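Notes to accompany the following structure.
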Amino acid sequence: MQTLSPNADLFHAKRRHFTCSTKTSTFIPTKPLSIFPSTKINREHLRNLDNVLKTSSTSIDNFNVKVSTRQDKTTTKLLGGLNLARLWPQMKAAVEEMSPKNLKRLQRLLSKSSEERSPKNKLGSKWRELHGSNNWAGLLDPLDENLRRELVRYGEFVQAAYHAFHSDPEGSPRDVALPDGSYKVTKSLYATSSVRFPKWIDDVAPDMRWMTKQTSWVGYVAVCDDPREIRRMGRREIVIALRGTATLLEWSENFRPNLVSMPEPKPDPSDPTRPKVECGFNSLYTTGSQHAPSLADSLVGEISRLVDLYAGEELSISVTGHSLGAAIALLAADDIAERVPHAPPVSVFSFGGPRVGNREFADRLDSKGVKVLRVVNSQDVVTKVPGIFADNDNKNKQGQNRNNGGIMEMVERNNPWAYSHVGAELRVDMKMSPYLKPNADVACCHDLEAYLHLVDGFLASNCPFRANAKRSLRKLLDEQRSNVKVLYTGKSLRLNRGTVLDYGDVLPSPSS
């Protein structure tokens, strides 16, 4: 027989009463009493006591603040001895890079289906300034947003020339997919590469002469034909777009770095101050063939026709090119300013262009009012050749040489490889891009799509890459995947997994 103590009887009685009770709580009348886990019961009782006693939590908060302050001071003392100043920027950048906002933007840039462009602003009376009337003073560093968009647009005209050539390398492209539907192509342009073999090779193998001359499609002339776009830009624009090196004979022309005199009404070969240009570039521009006139004659004839056709309208001529096309663009601009009657303002927008001529050639362009803006990647070796004097394009040094005369002046004037750059310069840096590897190869540093990527992200020389850059990364990934950081190539593969890759609108790599 089981014996129970009085206390035990009381416990069981209370337990039975607690279990069977269906009354509501006196402290929280809207909530029926039920069994909760212990932590939740404690929280509820504390809340009830607070309601009954009407106590303030000020003292508790003050206590927490004091404890937190002591902890912060202790942490500061501990971390103060560590050198985290060097590590913090990378840590901060990593945190920001993985934030939801940046991840969403990265998904948009890497997506195969998204294509976003910067909005078009009304240029109106500003077009002359953007076209170089003041040599782009105050527009390059920091880079004006309207000029940035114009530069990207000119680069896309050159990409269309690359795309058209690769679609039919042996013939004449039927259609040029222009990036701007308000323009129409009025003329296809051809250049003839001509390399002379020694006479004894011509005598031994006369049948090989066909290998010494080749005519290839190099670009086009387009004109704005949309009244709304003409009003937005403040004038009707004529665009001349020229691709870079693509054929074997064009490469051979690139390696003829000696300077030759430009044609003049009364040439004096003995005058060392005559304008001179690179032999290979001049040959490509002025040589014709049985099948096509020279690029010079074809281009000047078409521009003259368009100037006459649109006489009385506000006109401008923009010559744009990449690599070899940038070099030929300078020769074309000089020729148009010289030979086209009543020529409108002529400006050159070049990407990754080499040096083309001597200092006198640069002075000649400037005297004709031709404006030149060169976009240069600091890691691009093409922009540093040809020429012996790497800094002979520095205007301050030029002024010192002219004032002091001396040996260096004489050597520069008589040296057959004394080259000089032309016009204003917008310098971008591959290392500023958060997406490209800092040790990207030579081809990537000269690639046109990489140039446009850097221009689109450029704010100023002392600022990081633009956080709100609009240009998609998909073309850069398709053309320079090995030079894009692994983090972004992996994200791109995961993002576009299962989609059919259509390369129809992806331009071939200009460096290939």
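Every chain in the structure tokens has a letter given in the order shown (A, B, ...), and although residue numbers restart at 1 in each chain, ligands are simply numbered from 1 in the order shown.
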
With range 374-382 of chain A as the partner and 9 Å as the cut-off, tabulate the residues of range 447-484 of chain A that qualify, each row holding the nearest pair of atoms and their distance in Å to one decimal, using only C-alpha atoms, sorted by chain and rising number, as a tab-separated table.
residue	atom	partner	partner_atom	distance
A:Tyr451	CA	A:Asn377	CA	7.2
A:Leu454	CA	A:Asn377	CA	8.5
A:Val455	CA	A:Val375	CA	8.3

> Counting only C-alpha atoms, what is within 6 Å of Val152 in chain A, bar same-chain residues fewer than 3 positions away, as a list in words?
Replying inline: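 The neighbour list is Arg149, Gly155 and Leu452 of chain A.
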
> Of the candidates A:Asp456, A:Glu314, A:Asp447, A:Asp168, which one gets nearest to Gly244 in chain A if we count only C-alpha atoms?
Replying inline: A:Asp447

>> Nearest residue to Ala329 in chain A out of A:Arg153, A:Arg228, A:Lys126, A:Arg355, using only C-alpha atoms?
In response: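 That would be A:Arg355, the residue with the smallest distance to Ala329 in chain A.
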
> With only C-alpha atoms as the atoms that count, which of A:Gly312, A:Gly219, A:Pro173, A:Gly457 lies nearest to Ser298 in chain A?
Replying inline: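 Closest to Ser298 in chain A of all the choices is A:Gly219.
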
>> I need the residues in range 281-473 of chain A that are strand (DSSP E or B) according to DSSP; give them as a list in words.
In response: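 DSSP on the backbone gives strand (DSSP E or B) at Leu315, Ser316, Ile317, Ser318, Val319, Thr320, Gly321, His322, Val346, Ser347, Val348, Phe349, Ser350, Phe351, Gly357, Lys371, Val372, Leu373, Arg374, Val375, Val376, Asn377, Ser420, Ala424, Glu425, Leu426, Arg427, Val428 and Leu436 of chain A.
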
Please save N, CA and C atoms of the selected residues as a short mmCIF file (atom, residue, chain, number, x, y, z; two decimals), in the first residue's frame.
data_model
loop_
_atom_site.label_atom_id
_atom_site.label_comp_id
_atom_site.auth_asym_id
_atom_site.auth_seq_id
_atom_site.Cartn_x
_atom_site.Cartn_y
_atom_site.Cartn_z
N LEU A 315 26.71 69.76 -90.94
CA LEU A 315 27.33 68.45 -91.13
C LEU A 315 28.55 68.30 -90.23
N SER A 316 28.90 67.05 -89.97
CA SER A 316 30.17 66.72 -89.31
C SER A 316 30.66 65.40 -89.86
N ILE A 317 31.98 65.22 -89.83
CA ILE A 317 32.59 63.97 -90.28
C ILE A 317 33.35 63.36 -89.11
N SER A 318 32.99 62.13 -88.76
CA SER A 318 33.65 61.40 -87.67
C SER A 318 34.33 60.18 -88.26
N VAL A 319 35.65 60.12 -88.13
CA VAL A 319 36.43 58.99 -88.63
C VAL A 319 36.85 58.16 -87.43
N THR A 320 36.50 56.88 -87.41
CA THR A 320 36.80 56.04 -86.27
C THR A 320 37.43 54.74 -86.74
N GLY A 321 38.35 54.21 -85.94
CA GLY A 321 39.04 52.98 -86.31
C GLY A 321 39.76 52.38 -85.12
N HIS A 322 40.12 51.13 -85.27
CA HIS A 322 40.84 50.39 -84.22
C HIS A 322 42.11 49.81 -84.81
N VAL A 346 36.07 67.90 -89.15
CA VAL A 346 36.53 66.51 -89.21
C VAL A 346 37.19 66.15 -87.88
N SER A 347 36.74 65.03 -87.29
CA SER A 347 37.32 64.55 -86.03
C SER A 347 37.60 63.06 -86.14
N VAL A 348 38.65 62.64 -85.43
CA VAL A 348 39.06 61.23 -85.41
C VAL A 348 38.89 60.69 -83.99
N PHE A 349 38.23 59.54 -83.87
CA PHE A 349 38.08 58.85 -82.59
C PHE A 349 38.70 57.46 -82.77
N SER A 350 39.88 57.25 -82.21
CA SER A 350 40.62 56.02 -82.47
C SER A 350 40.78 55.20 -81.20
N PHE A 351 40.91 53.89 -81.38
CA PHE A 351 41.07 52.95 -80.27
C PHE A 351 42.31 52.09 -80.53
N GLY A 357 52.98 59.12 -87.77
CA GLY A 357 53.91 60.00 -88.47
C GLY A 357 54.81 60.75 -87.52
N LYS A 371 40.62 67.38 -85.52
CA LYS A 371 40.67 67.05 -84.10
C LYS A 371 40.80 65.54 -83.93
N VAL A 372 41.67 65.14 -83.02
CA VAL A 372 41.97 63.72 -82.83
C VAL A 372 41.86 63.39 -81.35
N LEU A 373 41.06 62.37 -81.02
CA LEU A 373 40.97 61.83 -79.67
C LEU A 373 41.36 60.35 -79.72
N ARG A 374 42.45 60.04 -79.05
CA ARG A 374 42.96 58.66 -79.03
C ARG A 374 42.60 58.00 -77.69
N VAL A 375 41.93 56.86 -77.75
CA VAL A 375 41.67 56.06 -76.55
C VAL A 375 42.79 55.04 -76.44
N VAL A 376 43.52 55.09 -75.32
CA VAL A 376 44.73 54.29 -75.16
C VAL A 376 44.63 53.47 -73.89
N ASN A 377 44.89 52.18 -73.99
CA ASN A 377 45.00 51.30 -72.83
C ASN A 377 46.46 51.27 -72.39
N SER A 420 55.65 60.54 -83.60
CA SER A 420 54.96 61.35 -82.60
C SER A 420 53.47 61.03 -82.63
N ALA A 424 44.56 64.68 -78.62
CA ALA A 424 44.28 64.45 -77.20
C ALA A 424 44.23 62.95 -76.91
N GLU A 425 44.36 62.61 -75.64
CA GLU A 425 44.42 61.21 -75.24
C GLU A 425 43.50 60.94 -74.06
N LEU A 426 42.74 59.86 -74.17
CA LEU A 426 41.97 59.33 -73.04
C LEU A 426 42.62 58.01 -72.66
N ARG A 427 43.26 57.99 -71.50
CA ARG A 427 44.01 56.81 -71.09
C ARG A 427 43.20 55.99 -70.09
N VAL A 428 42.97 54.73 -70.43
CA VAL A 428 42.28 53.79 -69.55
C VAL A 428 43.29 52.74 -69.10
N LEU A 436 38.37 41.85 -65.23
CA LEU A 436 39.48 41.32 -66.01
C LEU A 436 40.68 41.01 -65.10
#

>> Can you pull out every residue from range 236-369 of chain A that DSSP, working from the backbone, puts in helix (DSSP H, G or I), and format the result as an MDAnalysis selection string?
In response: chainID A and resid 248:254 279:286 295:309 324:339 359:367

>> Between CA of Leu324 in chain A and CA of Ala164 in chain A, what distance in Å does the model show, to one decimal?
In response: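 Result for CA of Leu324 in chain A versus CA of Ala164 in chain A: 16.5 Å, one decimal.
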
> In terms of the shortest atom-to-atom distance over only C-alpha atoms, which of A:Gly280, A:Pro344, A:Pro386, A:Gly138 is closest to Ile303 in chain A?
Replying inline: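 Once distances to Ile303 in chain A are computed over only C-alpha atoms, the minimum belongs to A:Pro344.
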
> From the set A:Ser289, A:Leu139, A:Val260, A:Glu237, which residue has the shortest atom-to-atom contact distance to Lys213 in chain A, counting only C-alpha atoms?
Replying inline: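 The answer is A:Ser289, which sits nearest to Lys213 in chain A.
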
>> When you count only C-alpha atoms, which of these residues is closest to Ser304 in chain A: A:Arg243, A:Arg128, A:Arg339, A:Lys120?
In response: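 Among A:Arg243, A:Arg128, A:Arg339, A:Lys120, it is A:Arg339 that comes nearest to Ser304 in chain A.
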
> So which residues touch Pro293 in chain A within 10 Å, counting only C-alpha atoms, skipping near sequence neighbours fewer than 6 positions away, as an MDAnalysis selection string?
Replying inline: chainID A and resid 189:192 215 286:287 299

Selection export as a short mmCIF file (atom, residue, chain, number, x, y, z; two decimals), in the first residue's frame, atoms kept: all heavy atoms:
data_model
loop_
_atom_site.label_atom_id
_atom_site.label_comp_id
_atom_site.auth_asym_id
_atom_site.auth_seq_id
_atom_site.Cartn_x
_atom_site.Cartn_y
_atom_site.Cartn_z
N LEU A 189 34.37 50.41 -98.45
CA LEU A 189 35.74 50.87 -98.65
C LEU A 189 36.69 49.68 -98.77
O LEU A 189 36.56 48.70 -98.02
CB LEU A 189 36.17 51.78 -97.49
CG LEU A 189 35.31 53.03 -97.26
CD1 LEU A 189 35.78 53.77 -96.02
CD2 LEU A 189 35.34 53.94 -98.48
N TYR A 190 37.65 49.80 -99.69
CA TYR A 190 38.62 48.74 -99.94
C TYR A 190 40.03 49.32 -99.87
O TYR A 190 40.26 50.47 -100.27
CB TYR A 190 38.40 48.10 -101.31
CG TYR A 190 37.07 47.42 -101.46
CD1 TYR A 190 35.94 48.15 -101.82
CD2 TYR A 190 36.93 46.06 -101.22
CE1 TYR A 190 34.71 47.54 -101.96
CE2 TYR A 190 35.69 45.45 -101.36
CZ TYR A 190 34.59 46.19 -101.72
OH TYR A 190 33.37 45.58 -101.85
N ALA A 191 40.96 48.52 -99.35
CA ALA A 191 42.37 48.92 -99.30
C ALA A 191 43.20 47.82 -99.93
O ALA A 191 42.88 46.62 -99.81
CB ALA A 191 42.81 49.15 -97.85
N THR A 192 44.26 48.21 -100.61
CA THR A 192 45.12 47.26 -101.32
C THR A 192 46.46 47.17 -100.62
O THR A 192 47.16 48.18 -100.45
CB THR A 192 45.32 47.69 -102.77
OG1 THR A 192 44.04 47.74 -103.43
CG2 THR A 192 46.21 46.70 -103.51
N THR A 215 43.53 43.10 -102.45
CA THR A 215 42.54 44.12 -102.12
C THR A 215 41.50 43.51 -101.19
O THR A 215 40.94 42.46 -101.49
CB THR A 215 41.86 44.67 -103.38
OG1 THR A 215 42.86 45.25 -104.23
CG2 THR A 215 40.85 45.74 -103.02
N THR A 286 47.10 54.59 -100.16
CA THR A 286 47.23 55.23 -101.48
C THR A 286 47.34 54.25 -102.64
O THR A 286 47.27 54.66 -103.80
CB THR A 286 48.48 56.13 -101.49
OG1 THR A 286 49.66 55.35 -101.20
CG2 THR A 286 48.36 57.25 -100.47
N THR A 287 47.50 52.95 -102.39
CA THR A 287 47.70 51.98 -103.47
C THR A 287 46.35 51.50 -104.02
O THR A 287 45.44 51.15 -103.26
CB THR A 287 48.50 50.77 -102.97
OG1 THR A 287 49.76 51.23 -102.46
CG2 THR A 287 48.74 49.77 -104.10
N LEU A 299 37.50 57.20 -100.94
CA LEU A 299 36.97 57.89 -99.78
C LEU A 299 36.72 59.37 -100.05
O LEU A 299 35.65 59.91 -99.72
CB LEU A 299 37.93 57.72 -98.60
CG LEU A 299 37.48 58.24 -97.25
CD1 LEU A 299 36.16 57.61 -96.83
CD2 LEU A 299 38.55 57.97 -96.20
#
